[in-house]
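Comments concern the structure below.
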Amino acid sequence: MMDTMVTMRDTMITLENIIKTYQMGEMSVPILKGIDLSIAQGEYVAIMGVSGSGKSTLMNIIGCLDRPTSGHYYLENRDLTTLDKDELAYIRNQRIGFVFQQFNLLPRATALENVMLPMVYAGIPKADRRTRATEALQQVGLGDRLNNRPNQLSGGQQQRVAIARSLVNHPALLLADEPTGALDTQTSQEVMHLFHDLNEQGITVVLITHEPDVAAQAKRTIQVQDGLVVG
Amino acid sequence: MISWIRRSHSTPKPSEPNPSKPKPPERRPHTVSLIEISEMALEALWSNKLRSGLTMLGVIIGIGSVISISSIGQGIQKSSEESIRSLGTDVLQVVAGSAQNGGVSQGQGSLTTLTWEDAQAIAQEAPNAKVVSAYLQRNAQVVYGDENTSTTVYGTDLNYSSARNTFPASGRYFNAEELSSAAAVAVIAPTVQKNLFPTEVNPIGQKIRVQGEVYEVIGVMEVKGAQGPQDRDDAVYLPLTSMSARLIGNNSLMGVSVNGIYIKGENEQQLETIKFQVENILRLRHNIATPADDDFRIINQADILATLNTILGLLTVMIVAVAGISLVVGGIGIANIMLVSVVERTREIGVRKALGATDRAILSQFLAESIIISVIGGTIGIATGIGITFVAATAFQFTYTLSGSAILIGFGLSSSVGLLAGVIPAQNAAKLDPIIALRGD
C-alpha cells in the first residue's frame, strides 16, 4: 500500500544503492553498504538506528553535506551526485531546512539575525529578509523575542528559532537531526507538535532519532542497522 | 498557526501530483555582495572589540612608524638642503684650519692664521674667484639706551653683501672710505632692530654700543629668515678694520687676522678649480710644503650637501626598514588571531555552510575581517604618523608638507598586510568540512 502511495505521489527523495566508505589509512571502512530508499513529497518519516548504524552518515548525504562513494541520490527527481560543491550549497540553501540537536544558532546574533542568515546566502534584499524573518518568528510563537540573543532564550525557544530559520527559504525538505535530544519532555512535545503542523502544511519532514517515542510520532519509520535499511 | 507556509511554500500539496515540476531557474548560488561581506566582518570584529583593538595596534605602530620616520627623514633632508642652498652652492668658505695641537683639534676658526691680506691675494691671483670677502666673527653684547641684546657681530669688507647675497633693506652698507678709516658705523639685521629699538624709532642715525664701543647705525639688512636653529637676522655688521682695531686687536705679524674668507665663483662647476687655486696661493703665502700641514680648510657647500643627502638618505632607509619589521610583526599578529578565530568559530562556519554558504563566501568573510583590521589599523597609523611628523617638524624646525604618496603607501601597505595575513586562515575556514565543523564543540 505504501508503494502505491509513493508511485502516485511525486517523489521527494530516491536513494539507489548508496554506498559510503571512509578511508582510515590503509583500511577502508564501509559505513553505508547499499541503501535503497524512497520518500514521497509530503511524507513524515523517522530514520531510526543505534549510534554507529550509519544513520548520521545517511542524514549527511540526504542533507547534501556529504557525498556517497557510489550510488545515486535524486532530490525532487534531480540527480545530485553529479553536482559540484557550489551547486550542493545552493540545494542546501534553497531546498533543505536543517534542524540540529544543539540548535546551532550563531551566539552573537539575535533571533532575527539568525533567521535572516539563510536569506543572506540566497541573495534576498535586506528589507524582505527582515519582513520574512519576523513573520517566521511570529509563526513559531517568538514574535516578542526578535532581538534576543540565544543565551537569553530557553532551549525550546532556541529550537523554535532554529525551525523558523530552517523554513525561511521555503525548503521542500525539513531535515531534523535529534531535534528533541537537548530538550525536556514538555518542550519536546511542543517541538514535535510544530513538526506535525508543518507536515500538515505539505512540507516533507525527515527526522533522525534513536528514541522510539519520537519516531512513533512520524507517519513512517525507517530502521537503519549496520549500514543497511532493515525495515 | 503556520498558515504562512501555505501561501508561500513552493511544494505542491500531496493531493495534487505534479510530475513535471519546474526546477529552480538558477542552480548557481548567489554571490554575497562585498558590502554584505564587509558588514558581516565588521560585526564579528565589533563583537570582540578588545581583541580586534589589540590586533590593530600592531598595524598602527607599524604603519605609524613607517610614515612618520620616512616623512621626518624627508623633511629634515629637504630643510637642510634648503639651508645649505641658501648659503649658496657657488661659494667656497676658507676657515683658519683645524690645526692639530698635540692631537687635539682646535676647531674651525680657532687659529688666527688667515689674514685679510690672504683674501686680497686670492682676489688678485685666483683667476676664477669672482667675489672674495674676508670676515671676523664674534659674539658680543649690543646696547641701545636701556635695551641690550647678545648677538653675533661680523666685521666685513665691502664684498660681503654680494658674497653672502644679503643687502640692506633701508639705509646703506658702509663704503670704501668708512672701511679704510675704520669708521664707527654699523649695519644691523632685523632681529637686532626688534630687540633693541621700539617700533616707532627709526634705528638709522641712532647710536648703539658694541662691547662698550659706540657705533652709529647706518643701515638695516633685509630679512633672511631662520636657517635651521640659527637666526640669520640676529647680527650686526661692522667694517672689518674697525672691528679688528676696536673690538679684537689681535693682529698677527702677517696682517689683519680674520676668521674666514668667502669666495664666490661664476657658478658651481668652477668651485673645484677655485679650490685648487686657493690652496696653492695659501700654501705659498703660509710656507706650507705638504697638504698635511695645511693651516686652513676649504669648505664646499655643494660637497656638504651631497654628503648630508647620502647620510640622511641611508639613515632614513635603515630606520624605515626597522619600522617595516614592526609592520611584518603586526601582520603576523593578525594571521595568528585569525587562525585562532577560525578554530573558535568552527561551528559557526559549519552552520553557515549548512545554510548554503559557499566556500567562497566563507573565504571572503574571513579575508574581509583580516583586511578590515589591517586597513582600520593602517588609517589610524597614517593619522598617528602624520601627527608625530608635525610635532617633530615643530620641535626640530623643519618644514613638512603632507605627502599624498605617504598616505597611499600607508594604505597600500596595510591592505596588503591584511590580505597576506588573512589568506591562510581564510583558506582554512573555507576548506572546513561542514560535517566535522558541525560536530566539533
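Within each chain, counting starts at residue 1; across the C-alpha cells, chains are named A, B, ... in the order shown, with ligands numbered 1 upward in that order.
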Near-stretch 96-108 of chain A list (8 Å; only C-alpha atoms; drop same-chain fewer than 3 positions) as a PyMOL selection string: (chain A and resi 63+91-93+114+149-151+158-159+162-163+165-167+171-182) or (chain B and resi 47+347-348+351+354-355)
Which residues are near stretch 53-59 of chain A? Cut-off 12 Å, only C-alpha atoms, ignore same chain within fewer than 4 positions. Put them as a ChimeraX atom specification. /A:13,15,17-22,29-37,46-49,63-69,73,96,98-100,174-178,206-210,222-230 /B:435-436,439
Per residue of chain A within 7 Å of chain B, note the shortest atom pair and the distance in Å to one decimal, counting only C-alpha atoms, and order the rows by chain and increasing residue number, as a Markdown table.
```
| residue | atom | partner | partner_atom | distance |
| --- | --- | --- | --- | --- |
| A:Arg9 | CA | B:Pro17 | CA | 5.6 |
| A:Asp10 | CA | B:Pro19 | CA | 5.9 |
| A:Gln41 | CA | B:Pro14 | CA | 6.5 |
| A:Gly42 | CA | B:Pro14 | CA | 5.8 |
| A:Leu65 | CA | B:Ile435 | CA | 6.4 |
| A:Asp86 | CA | B:Thr358 | CA | 5.8 |
| A:Glu87 | CA | B:Arg28 | CA | 5.7 |
| A:Ala89 | CA | B:Gly356 | CA | 4.6 |
| A:Tyr90 | CA | B:Pro29 | CA | 4.9 |
| A:Arg92 | CA | B:Gly356 | CA | 5.3 |
| A:Asn93 | CA | B:Gly356 | CA | 4.1 |
| A:Asn104 | CA | B:Val351 | CA | 6.5 |
| A:Leu106 | CA | B:Glu348 | CA | 6.3 |
| A:Pro118 | CA | B:Leu355 | CA | 5.4 |
| A:Tyr121 | CA | B:Ala357 | CA | 5.8 |
| A:Ala122 | CA | B:His30 | CA | 5.8 |
| A:Gly123 | CA | B:His30 | CA | 5.6 |
| A:Gln139 | CA | B:Ile2 | CA | 5.5 |
| A:His170 | CA | B:His9 | CA | 5.5 |
| A:Ala172 | CA | B:Thr11 | CA | 5.9 |
| A:Gln201 | CA | B:Arg6 | CA | 6.1 |
| A:Gly202 | CA | B:Lys13 | CA | 5.5 |
```
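Pairwise distance (atom CA of B:Ile248, atom CA of B:Ser180) equals 16.8 Å.
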Find the residues near B:Ser65: any atom within 10 Å, counting only C-alpha atoms, skip ones fewer than 6 places away on the same chain, and give them as a PyMOL selection string. chain B and resi 59+71+319-320+322-324+326-327+381-382+384-386+388-389
Please identify all polymer residues within 7 Å of B:Ser133, counting only C-alpha atoms, omitting same-chain residues fewer than 5 positions from it, and present them as number ranges by chain. B: 119, 157, 159-160, 163, 261-263
Which of stretch 55-261 of chain B counts as alpha helix (DSSP H) under DSSP, as a ChimeraX atom specification please? /B:55-87,116-125,160-164,176-180,190-196,240-243
For A:Thr131, work out the shell of residues within 10 Å, counting only C-alpha atoms and skipping chain neighbours fewer than 5 positions away, then give it as a list in words.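 Neighbouring residues, sequence-local ones excluded: Leu112, Met116, Lys126 and Ala136 of chain A.
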Restricting it to C-alpha atoms, dump the selection as a short mmCIF file (atom, residue, chain, number, x, y, z; two decimals), in the first residue's frame.
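Result file is part.cif:
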```cif
data_model
loop_
_atom_site.label_atom_id
_atom_site.label_comp_id
_atom_site.auth_asym_id
_atom_site.auth_seq_id
_atom_site.Cartn_x
_atom_site.Cartn_y
_atom_site.Cartn_z
CA LEU A 112 16.00 37.82 13.95
CA MET A 116 17.80 36.11 8.26
CA LYS A 126 17.60 43.24 3.07
CA ALA A 136 8.64 33.28 10.51
#
```
